[in-house]
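Okay, work12.cif is below, mmCIF, C-alpha atoms:
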data_protein
loop_
_atom_site.label_atom_id
_atom_site.label_comp_id
_atom_site.auth_asym_id
_atom_site.auth_seq_id
_atom_site.Cartn_x
_atom_site.Cartn_y
_atom_site.Cartn_z
CA MET O 1 -29.03 13.13 -4.02
CA SER O 2 -30.18 16.19 -5.88
CA SER O 3 -31.13 15.62 -9.50
CA THR O 4 -29.59 18.89 -10.67
CA ALA O 5 -25.89 18.49 -11.38
CA VAL O 6 -23.88 20.81 -9.16
CA GLN O 7 -20.62 22.02 -10.64
CA PRO O 8 -17.70 21.03 -8.40
CA PRO O 9 -15.55 23.89 -7.08
CA GLN O 10 -13.03 25.16 -9.61
CA TRP O 11 -10.06 24.39 -7.34
CA GLN O 12 -11.05 20.72 -7.15
CA GLN O 13 -11.28 20.59 -10.93
CA GLU O 14 -7.83 22.11 -11.18
CA ILE O 15 -6.38 19.44 -8.88
CA PHE O 16 -7.69 16.67 -11.09
CA LYS O 17 -6.38 18.47 -14.17
CA VAL O 18 -2.86 18.58 -12.69
CA LEU O 19 -2.97 14.88 -11.84
CA LYS O 20 -4.47 13.80 -15.14
CA GLU O 21 -2.17 15.90 -17.31
CA GLY O 22 0.79 14.83 -15.21
CA GLY O 23 0.15 11.19 -16.04
CA VAL O 24 -1.07 9.85 -12.71
CA HIS O 25 -2.35 6.29 -13.13
CA GLN O 26 -3.34 5.44 -9.57
CA ILE O 27 -5.28 7.54 -7.07
CA ALA O 28 -5.53 5.99 -3.62
CA TYR O 29 -7.79 7.51 -1.02
CA VAL O 30 -9.59 7.54 2.23
CA PRO O 31 -12.43 9.85 1.24
CA ASP O 32 -13.19 13.39 2.28
CA ALA O 33 -15.72 15.87 0.97
CA GLY O 34 -12.88 18.07 -0.28
CA HIS O 35 -11.57 15.24 -2.44
CA SER O 36 -14.94 14.18 -3.79
CA HIS O 37 -14.52 15.60 -7.30
CA VAL O 38 -11.07 14.05 -7.77
CA ILE O 39 -12.30 10.68 -6.48
CA ARG O 40 -15.35 10.76 -8.76
CA SER O 41 -13.19 11.73 -11.70
CA ALA O 42 -10.69 8.95 -10.98
CA ILE O 43 -13.49 6.38 -10.83
CA ALA O 44 -14.86 7.66 -14.14
CA ASP O 45 -11.46 7.67 -15.89
CA PRO O 46 -10.56 4.32 -17.50
CA GLU O 47 -6.86 5.22 -17.49
CA ILE O 48 -6.75 5.82 -13.73
CA GLN O 49 -7.06 3.14 -11.08
CA ASP O 50 -9.00 4.38 -8.07
CA VAL O 51 -8.07 2.51 -4.90
CA VAL O 52 -10.16 2.93 -1.77
CA LEU O 53 -8.21 2.18 1.40
CA THR O 54 -9.24 1.06 4.85
CA THR O 55 -6.53 3.21 6.43
CA GLU O 56 -4.22 5.85 5.01
CA GLU O 57 -0.97 4.01 5.73
CA GLU O 58 -1.94 1.44 3.12
CA GLY O 59 -1.73 4.27 0.62
CA VAL O 60 1.85 5.15 1.52
CA ALA O 61 2.89 1.60 0.64
CA LEU O 62 0.60 1.43 -2.37
CA VAL O 63 1.93 4.55 -4.11
CA SER O 64 5.47 3.28 -3.47
CA GLY O 65 4.59 -0.01 -5.14
CA ALA O 66 3.13 1.88 -8.09
CA TRP O 67 6.41 3.77 -8.50
CA LEU O 68 8.36 0.51 -8.33
CA GLY O 69 6.18 -0.65 -11.19
CA GLY O 70 6.76 2.51 -13.21
CA GLN O 71 3.55 4.40 -12.50
CA ARG O 72 2.84 7.71 -10.81
CA ALA O 73 0.33 7.58 -7.99
CA VAL O 74 -1.03 10.02 -5.41
CA LEU O 75 -2.64 9.59 -2.00
CA LEU O 76 -5.68 11.59 -0.88
CA MET O 77 -6.63 11.82 2.76
CA GLN O 78 -7.81 14.15 5.46
CA SER O 79 -5.61 15.47 8.24
CA SER O 80 -6.60 12.78 10.73
CA GLY O 81 -5.11 10.22 8.36
CA VAL O 82 -1.63 11.68 8.59
CA GLY O 83 -1.36 10.36 12.12
CA ASN O 84 -2.23 6.87 10.90
CA CYS O 85 0.71 6.96 8.48
CA VAL O 86 3.61 7.95 10.68
CA ASN O 87 5.63 4.72 10.81
CA MET O 88 4.79 3.85 7.21
CA PHE O 89 6.39 7.14 6.15
CA SER O 90 9.74 5.53 7.00
CA LEU O 91 9.34 3.53 3.78
CA LEU O 92 9.63 6.79 1.83
CA GLN O 93 12.83 7.87 3.53
CA SER O 94 14.43 4.42 3.54
CA CYS O 95 13.93 3.91 -0.18
CA ARG O 96 13.62 7.53 -1.25
CA PHE O 97 10.34 7.00 -3.04
CA PRO O 98 8.75 10.05 -4.69
CA PHE O 99 5.59 10.79 -2.71
CA LEU O 100 2.70 13.17 -3.20
CA THR O 101 -0.21 13.40 -0.82
CA LEU O 102 -3.06 15.89 -0.83
CA VAL O 103 -4.48 16.44 2.64
CA THR O 104 -7.77 18.18 3.36
CA MET O 105 -7.54 19.90 6.72
CA ARG O 106 -9.83 19.63 9.71
CA GLY O 107 -9.54 21.15 13.14
CA GLU O 108 -8.24 24.52 12.01
CA TYR O 109 -11.05 26.72 10.70
CA ALA O 110 -14.58 27.07 12.03
CA GLU O 111 -14.31 23.52 13.39
CA PHE O 112 -17.37 22.17 15.15
CA ASN O 113 -15.89 18.84 16.27
CA PRO O 114 -13.26 19.17 19.01
CA TRP O 115 -12.04 15.63 18.27
CA GLN O 116 -10.55 16.91 15.01
CA GLY O 117 -8.35 19.42 16.81
CA PRO O 118 -5.50 17.36 18.24
CA MET O 119 -4.50 15.77 14.93
CA GLY O 120 -5.44 18.73 12.76
CA LYS O 121 -3.26 21.11 14.71
CA ASN O 122 -0.31 18.69 14.52
CA THR O 123 -0.68 17.52 10.95
CA GLN O 124 2.04 19.75 9.56
CA GLY O 125 4.37 18.94 12.45
CA ALA O 126 3.87 15.20 12.08
CA LEU O 127 4.62 15.34 8.36
CA GLU O 128 7.72 17.47 8.88
CA LEU O 129 8.98 15.24 11.69
CA MET O 130 8.95 12.38 9.20
CA GLY O 131 10.88 14.34 6.59
CA ILE O 132 8.01 15.30 4.31
CA THR O 133 7.95 18.80 2.83
CA VAL O 134 4.72 20.66 3.54
CA MET O 135 3.05 23.14 1.21
CA ARG O 136 -0.23 24.87 1.98
CA ALA O 137 -3.07 26.09 -0.18
CA ASP O 138 -5.45 28.55 1.49
CA ASP O 139 -6.68 30.54 -1.47
CA PRO O 140 -8.87 28.79 -4.06
CA GLU O 141 -7.14 30.85 -6.74
CA ASN O 142 -3.76 29.27 -5.96
CA VAL O 143 -4.66 25.63 -5.40
CA GLY O 144 -3.93 24.51 -8.96
CA GLU O 145 -0.56 26.25 -9.03
CA ILE O 146 0.56 24.90 -5.66
CA VAL O 147 -0.49 21.34 -6.45
CA SER O 148 1.29 21.64 -9.78
CA ALA O 149 4.48 22.87 -8.08
CA ALA O 150 4.32 20.01 -5.60
CA TYR O 151 3.72 17.58 -8.42
CA ASP O 152 6.86 18.69 -10.23
CA ALA O 153 8.98 18.52 -7.08
CA VAL O 154 7.78 14.96 -6.48
CA PHE O 155 8.00 13.47 -9.93
CA GLN O 156 10.87 15.53 -11.36
CA ALA O 157 13.07 15.81 -8.27
CA GLY O 158 11.92 12.74 -6.36
CA GLU O 159 10.80 14.67 -3.29
CA GLN O 160 8.22 13.73 -0.67
CA VAL O 161 5.60 16.47 -0.49
CA ALA O 162 2.26 16.97 1.25
CA VAL O 163 -0.09 19.73 0.13
CA LEU O 164 -2.42 20.81 2.92
CA LEU O 165 -5.73 22.04 1.55
CA SER O 166 -7.08 24.53 4.06
CA GLN O 167 -10.37 23.87 5.77
CA SER O 168 -11.40 27.35 4.66
CA LEU O 169 -11.45 26.10 1.05
CA ILE O 170 -14.18 23.65 1.93
CA GLY O 171 -16.08 26.00 4.21
CA ARG O 172 -18.19 25.32 7.24
CA LYS O 173 -19.56 21.85 7.57
CA LYS O 174 -23.31 21.89 8.02
CA TRP O 175 -24.13 19.81 11.07
CA GLU O 176 -27.86 20.29 11.40
CA ARG O 177 -29.85 18.50 8.76
CA ASN O 178 -33.18 19.99 7.74
CA MET C 1 -9.37 -26.48 8.10
CA SER C 2 -7.52 -23.75 9.94
CA LYS C 3 -6.18 -26.21 12.49
CA LEU C 4 -3.70 -27.84 10.15
CA ASP C 5 -0.61 -29.38 11.68
CA HIS C 6 2.27 -27.01 11.16
CA THR C 7 4.75 -29.35 9.52
CA ILE C 8 6.16 -27.40 6.58
CA ASP C 9 9.78 -26.25 6.62
CA ARG C 10 9.66 -22.58 5.63
CA ARG C 11 12.99 -22.44 3.83
CA GLU C 12 12.30 -25.51 1.75
CA PHE C 13 8.79 -24.34 0.94
CA VAL C 14 9.83 -20.86 -0.17
CA ALA C 15 12.75 -22.19 -2.24
CA LYS C 16 10.48 -24.69 -4.02
CA LEU C 17 7.82 -22.06 -4.63
CA ILE C 18 10.19 -19.44 -6.03
CA ALA C 19 11.87 -22.01 -8.29
CA GLN C 20 8.49 -22.27 -10.03
CA LEU C 21 8.07 -18.49 -10.33
CA PRO C 22 11.00 -17.44 -12.53
CA ASP C 23 9.27 -14.33 -13.89
CA ALA C 24 7.43 -13.16 -10.79
CA LEU C 25 7.93 -9.84 -9.05
CA ILE C 26 8.27 -10.73 -5.37
CA VAL C 27 7.54 -8.47 -2.40
CA THR C 28 8.48 -9.70 1.07
CA GLY C 29 7.23 -8.67 4.45
CA LEU C 30 9.90 -7.80 7.00
CA GLY C 31 11.64 -10.42 9.11
CA SER C 32 11.84 -14.15 8.49
CA ALA C 33 9.88 -14.11 5.24
CA SER C 34 12.51 -11.83 3.72
CA TYR C 35 15.29 -14.13 4.93
CA ASP C 36 13.54 -17.11 3.34
CA VAL C 37 13.20 -15.34 0.00
CA PHE C 38 16.80 -14.11 0.06
CA ALA C 39 18.07 -17.59 1.01
CA ALA C 40 16.32 -18.97 -2.08
CA GLY C 41 18.58 -16.76 -4.21
CA ASP C 42 18.85 -13.00 -4.48
CA ARG C 43 17.39 -11.50 -7.65
CA PRO C 44 16.65 -7.92 -8.73
CA GLU C 45 12.95 -8.69 -9.03
CA ASN C 46 12.75 -9.15 -5.24
CA PHE C 47 11.70 -6.19 -3.12
CA TYR C 48 12.57 -6.79 0.52
CA LEU C 49 10.96 -4.76 3.29
CA TRP C 50 13.00 -4.20 6.44
CA GLY C 51 10.30 -2.09 8.07
CA ALA C 52 6.92 -0.66 7.04
CA MET C 53 5.25 -3.51 8.91
CA GLY C 54 1.80 -4.21 7.54
CA GLY C 55 2.63 -2.67 4.17
CA SER C 56 3.71 -5.60 2.01
CA THR C 57 0.29 -6.40 0.56
CA SER C 58 -0.49 -2.72 -0.10
CA LEU C 59 2.86 -2.16 -1.80
CA ALA C 60 2.27 -5.25 -3.91
CA LEU C 61 -1.21 -4.02 -4.84
CA GLY C 62 0.23 -0.77 -6.24
CA LEU C 63 2.86 -2.79 -8.10
CA ALA C 64 0.33 -5.29 -9.44
CA LEU C 65 -1.90 -2.50 -10.77
CA ALA C 66 1.11 -0.87 -12.43
CA GLN C 67 2.36 -4.15 -13.97
CA PRO C 68 -0.72 -6.11 -15.04
CA ASN C 69 1.30 -8.36 -17.35
CA ARG C 70 3.63 -9.57 -14.59
CA SER C 71 2.81 -11.93 -11.75
CA VAL C 72 3.26 -10.20 -8.39
CA VAL C 73 3.73 -12.42 -5.36
CA VAL C 74 3.77 -11.33 -1.72
CA ILE C 75 5.64 -13.60 0.66
CA THR C 76 5.10 -12.54 4.24
CA GLY C 77 4.42 -13.80 7.75
CA ASP C 78 1.19 -13.99 9.72
CA GLY C 79 2.21 -11.14 12.04
CA GLU C 80 2.97 -8.78 9.17
CA GLN C 81 -0.28 -9.62 7.40
CA LEU C 82 -2.25 -9.15 10.61
CA MET C 83 -0.88 -5.62 11.02
CA GLY C 84 -2.10 -4.79 7.52
CA ILE C 85 -5.28 -6.83 7.72
CA GLY C 86 -7.34 -4.06 6.13
CA SER C 87 -5.19 -4.26 3.01
CA LEU C 88 -6.95 -7.54 2.20
CA ALA C 89 -10.20 -5.57 1.91
CA SER C 90 -8.51 -3.08 -0.42
CA VAL C 91 -7.17 -5.95 -2.54
CA GLY C 92 -10.64 -7.52 -2.55
CA ALA C 93 -12.10 -4.26 -3.82
CA LYS C 94 -9.67 -4.20 -6.78
CA GLN C 95 -9.36 -7.94 -7.52
CA PRO C 96 -6.01 -7.69 -9.33
CA ALA C 97 -5.77 -10.86 -11.43
CA ASN C 98 -1.96 -10.90 -11.18
CA LEU C 99 -1.58 -10.74 -7.38
CA THR C 100 -0.85 -13.75 -5.17
CA ILE C 101 -0.44 -13.40 -1.41
CA VAL C 102 1.43 -16.15 0.41
CA VAL C 103 1.32 -15.97 4.20
CA LEU C 104 3.84 -18.16 5.99
CA ASN C 105 1.86 -18.91 9.11
CA ASN C 106 3.69 -20.19 12.17
CA GLY C 107 1.14 -18.58 14.47
CA HIS C 108 3.85 -16.58 16.19
CA PHE C 109 5.80 -13.33 16.13
CA GLY C 110 9.13 -14.98 15.36
CA GLU C 111 11.37 -11.96 15.23
CA THR C 112 10.43 -10.69 18.69
CA GLY C 113 10.63 -13.80 20.82
CA MET C 114 8.01 -16.20 19.50
CA GLN C 115 4.98 -14.72 21.20
CA GLN C 116 1.74 -16.26 19.97
CA SER C 117 0.00 -14.30 17.23
CA HIS C 118 -3.73 -14.02 16.64
CA CYS C 119 -3.37 -16.90 14.20
CA SER C 120 -2.66 -19.16 17.19
CA LEU C 121 -5.49 -17.56 19.13
CA GLY C 122 -8.43 -17.98 16.80
CA THR C 123 -7.92 -15.84 13.69
CA ASP C 124 -8.14 -17.66 10.38
CA LEU C 125 -6.66 -15.44 7.67
CA VAL C 126 -8.15 -17.60 4.91
CA ALA C 127 -11.60 -16.83 6.29
CA VAL C 128 -10.64 -13.15 6.50
CA ALA C 129 -9.45 -13.18 2.88
CA LYS C 130 -12.64 -14.88 1.73
CA GLY C 131 -14.64 -12.38 3.73
CA CYS C 132 -12.81 -9.66 1.80
CA SER C 133 -14.04 -11.30 -1.43
CA ILE C 134 -10.75 -12.98 -2.30
CA GLU C 135 -12.52 -16.17 -3.36
CA ASP C 136 -9.43 -18.19 -4.25
CA ALA C 137 -8.14 -18.39 -0.68
CA PHE C 138 -6.95 -21.66 0.82
CA HIS C 139 -4.85 -23.36 3.47
CA VAL C 140 -1.68 -25.18 2.55
CA GLY C 141 -0.46 -28.01 4.75
CA ASP C 142 1.72 -29.97 2.34
CA ILE C 143 4.92 -28.88 0.66
CA ALA C 144 3.72 -30.42 -2.61
CA ASP C 145 1.16 -27.61 -2.78
CA THR C 146 3.82 -25.13 -3.95
CA ALA C 147 2.77 -26.27 -7.44
CA LYS C 148 -0.84 -25.30 -6.76
CA ILE C 149 0.21 -21.79 -5.74
CA ALA C 150 2.75 -21.34 -8.56
CA GLU C 151 0.29 -22.48 -11.23
CA ARG C 152 -2.22 -19.90 -10.10
CA ALA C 153 0.36 -17.13 -9.72
CA ASN C 154 1.75 -17.77 -13.19
CA ALA C 155 -1.72 -17.91 -14.74
CA ARG C 156 -2.64 -14.39 -13.52
CA ALA C 157 -6.29 -15.40 -13.59
CA GLY C 158 -7.41 -13.94 -10.28
CA THR C 159 -6.26 -12.82 -6.87
CA VAL C 160 -4.93 -15.72 -4.81
CA PHE C 161 -4.42 -16.01 -1.06
CA ALA C 162 -2.53 -18.96 0.44
CA GLN C 163 -1.91 -19.48 4.13
CA VAL C 164 0.91 -21.93 4.65
CA ALA C 165 1.20 -23.97 7.87
CA ILE C 166 4.93 -23.74 8.58
CA THR C 167 6.71 -24.95 11.69
CA ALA C 168 7.77 -22.35 14.24
CA GLU C 169 11.41 -23.31 13.86
CA GLU C 170 13.80 -20.52 12.96
CA PRO C 171 16.40 -21.34 10.36
CA PRO C 172 19.70 -19.40 10.38
CA ARG C 173 19.28 -15.80 9.32
CA ALA C 174 20.06 -14.95 5.70
CA LEU C 175 20.05 -11.19 5.48
CA PRO C 176 18.95 -9.46 2.26
CA PRO C 177 20.38 -6.05 1.37
CA ARG C 178 18.85 -3.39 3.61
CA ASP C 179 19.79 -0.36 1.53
CA GLY C 180 16.30 0.48 0.32
CA VAL C 181 17.45 2.89 -2.37
CA TYR C 182 19.64 0.18 -3.90
CA VAL C 183 16.89 -2.43 -3.77
CA LYS C 184 14.41 0.01 -5.29
CA ASN C 185 16.68 1.13 -8.11
CA ARG C 186 17.76 -2.34 -9.15
CA PHE C 187 14.14 -3.53 -9.09
CA ARG C 188 13.09 -0.67 -11.37
CA GLU C 189 16.08 -1.24 -13.61
CA ALA C 190 15.08 -4.89 -14.01
CA LEU C 191 11.71 -3.62 -15.28
CA GLY C 192 13.46 -1.29 -17.72
CA PHE C 193 13.01 1.98 -15.81
CA LYS C 194 15.91 4.37 -15.59
CA PRO C 195 16.65 6.58 -12.59
CA PHE C 196 15.40 10.10 -13.15
#
Transcribe the structure of this file into structure tokens.
Amino acid sequence: MSSTAVQPPQWQQEIFKVLKEGGVHQIAYVPDAGHSHVIRSAIADPEIQDVVLTTEEEGVALVSGAWLGGQRAVLLMQSSGVGNCVNMFSLLQSCRFPFLTLVTMRGEYAEFNPWQGPMGKNTQGALELMGITVMRADDPENVGEIVSAAYDAVFQAGEQVAVLLSQSLIGRKKWERN
Amino acid sequence: MSKLDHTIDRREFVAKLIAQLPDALIVTGLGSASYDVFAAGDRPENFYLWGAMGGSTSLALGLALAQPNRSVVVITGDGEQLMGIGSLASVGAKQPANLTIVVLNNGHFGETGMQQSHCSLGTDLVAVAKGCSIEDAFHVGDIADTAKIAERANARAGTVFAQVAITAEEPPRALPPRDGVYVKNRFREALGFKPF
């Protein structure tokens, strides 16, 4: 850990702002570097329950339970996690639960690890096959606006929406440690 | 302790338990557990799963965090809990004081032809729950112990996990409503939430 505080990327700050101002009370996650600011902020916020999951499908059920209990919740994961959720997504369609997930992408941009490719390249397809609307954010300038639009569609119109956060937002992963 | 004789009648046990939980929000796993809960008397504060196998404890965790002043009780089977075994670790990490998990353990996958489950083949879910830091986890081998579970659930003083040694007999099916939108909306209405 470096002792100098590094400012998190603006787009990650904007995501948390949308969630916080929108009244999210539960943030469930399987971590990813691209979600690190939102996760840290959720842990630090006494009004938000942060829930770490062992697998992403738990989060699909958890955010549905939160809605049953009158709270708004979101699920953070990386693209590999979408594959883990597929059958659990049927809960959303069967009960028409509002559902918002933010998905950091792997396997699509300057990817070093070929094992990320098969799921990363089929993440959008898997979501759409299960009836979830997919939005994409590639430009750091637009992340806040797109997440905000997804947020409204979910909690105003009751939709099921995934926002894919492009791997290019996060940049190249450094594999060699000095 | 995990090798209790499986003598408890599931229907009778669930009916006795729920009679002592008038204010609880109840989430069922799919299959026989949902039939048992429905047979005890349909109520809007019951949320029945007909699918989403492995999700009952996670759904109840989200509900329990959202409704800290209500007792939330999961009633599910050993097969359903096994599929979502990691959710016990997530519950352990949060320690919701108002969540009680009741696993009706017949050691078999009843809905699919009574194949043996892991709970007949060595897995002890009470040990798993304790290993996930759910300290108040115990086996139940006597129908009189419904009172022990209900007292804890109603007290909302810590996460509870009870594994109940039921017989592998299958009572007649009692089918809860399977229109998920209806079940969701009436549950929310019972909590005072309007449709948007």
Pick the closest to chain C from O:Gly171, O:Gly131, O:Gly69, O:Pro140: which is it, counting only C-alpha atoms?
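Closest residue, counting only C-alpha atoms: O:Gly69.
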C:Ser117 surroundings by all atoms listed in the file, 12 Å radius, close-in-sequence under 2 positions cut, as a ChimeraX atom specification:
/C:77-83,105-115,119-125,168
Could you tell me which residues the PyMOL selection byres ((chain C) within 9 of (chain O)) returns for this structure, as a ChimeraX atom specification?
/C:49-67,84,86-87,89-91,93-94,178-185,187-188,191-193,196
Please enumerate the residues selected by the PyMOL selection byres ((chain C and resi 145-147) around 9) when evaluated against the supplied file, formatted as a list in words.
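This file, filtered by the PyMOL selection byres ((chain C and resi 145-147) around 9), leaves Phe13, Val14, Lys16, Leu17, Ile18, Gln20, Val140, Gly141, Asp142, Ile143, Ala144, Lys148, Ile149, Ala150, Glu151 and Arg152 of chain C.
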Residues just named, written with C-alpha atoms as a CSV table (one decimal), in the coordinates of the input:
chain,number,residue,atom,x,y,z
C,13,PHE,CA,8.8,-24.3,0.9
C,14,VAL,CA,9.8,-20.9,-0.2
C,16,LYS,CA,10.5,-24.7,-4.0
C,17,LEU,CA,7.8,-22.1,-4.6
C,18,ILE,CA,10.2,-19.4,-6.0
C,20,GLN,CA,8.5,-22.3,-10.0
C,140,VAL,CA,-1.7,-25.2,2.6
C,141,GLY,CA,-0.5,-28.0,4.8
C,142,ASP,CA,1.7,-30.0,2.3
C,143,ILE,CA,4.9,-28.9,0.7
C,144,ALA,CA,3.7,-30.4,-2.6
C,148,LYS,CA,-0.8,-25.3,-6.8
C,149,ILE,CA,0.2,-21.8,-5.7
C,150,ALA,CA,2.8,-21.3,-8.6
C,151,GLU,CA,0.3,-22.5,-11.2
C,152,ARG,CA,-2.2,-19.9,-10.1
Counting all atoms listed in the file, which residue out of C:Ala174, C:Val72, C:Ala127, C:Ala39 sits closest to C:Leu25?
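The shortest atom-to-atom distance to C:Leu25 comes from C:Val72.
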List the residues sitting within 12 Å of (-11.9, 25.7, -11.3) in the file's frame, using only C-alpha atoms, as a list in words.
Gln7, Pro8, Pro9, Gln10, Trp11, Gln12, Gln13, Glu14, Ile15, Phe16, Lys17, Val18, His37, Pro140, Glu141, Asn142, Val143, Gly144 and Glu145 of chain O
Contact residues around O:Val82 with only C-alpha atoms at 12 Å, ignoring same-chain residues under 5 positions, as a ChimeraX atom specification:
/O:30,55-60,75-77,87-89,101-106,118-130,132,162-164
Can you tell me, as an MDAnalysis selection string, what residues are no more than 8 Å from O:Ile146 when counting all atoms listed in the file, ignoring any on the same chain fewer than 6 positions away?
chainID O and resid 135:137 163
Please export stretch 149-168 of chain O as a short mmCIF file (atom, residue, chain, number, x, y, z; two decimals), in the first residue's frame, restricted to C-alpha atoms.
data_model
loop_
_atom_site.label_atom_id
_atom_site.label_comp_id
_atom_site.auth_asym_id
_atom_site.auth_seq_id
_atom_site.Cartn_x
_atom_site.Cartn_y
_atom_site.Cartn_z
CA ALA O 149 -29.98 6.39 -17.18
CA ALA O 150 -29.83 2.71 -16.29
CA TYR O 151 -30.63 3.54 -12.69
CA ASP O 152 -33.79 5.39 -13.68
CA ALA O 153 -34.93 2.61 -16.01
CA VAL O 154 -34.50 0.09 -13.20
CA PHE O 155 -36.02 1.92 -10.28
CA GLN O 156 -38.59 4.06 -12.10
CA ALA O 157 -39.71 1.60 -14.77
CA GLY O 158 -38.85 -1.68 -13.05
CA GLU O 159 -36.50 -2.87 -15.78
CA GLN O 160 -33.60 -5.30 -15.57
CA VAL O 161 -30.45 -3.58 -16.82
CA ALA O 162 -26.75 -4.39 -16.94
CA VAL O 163 -24.20 -1.65 -17.60
CA LEU O 164 -21.01 -3.03 -19.10
CA LEU O 165 -18.01 -0.94 -18.11
CA SER O 166 -15.47 -1.32 -20.88
CA GLN O 167 -12.09 -2.81 -20.13
CA SER O 168 -10.60 0.25 -21.82
#
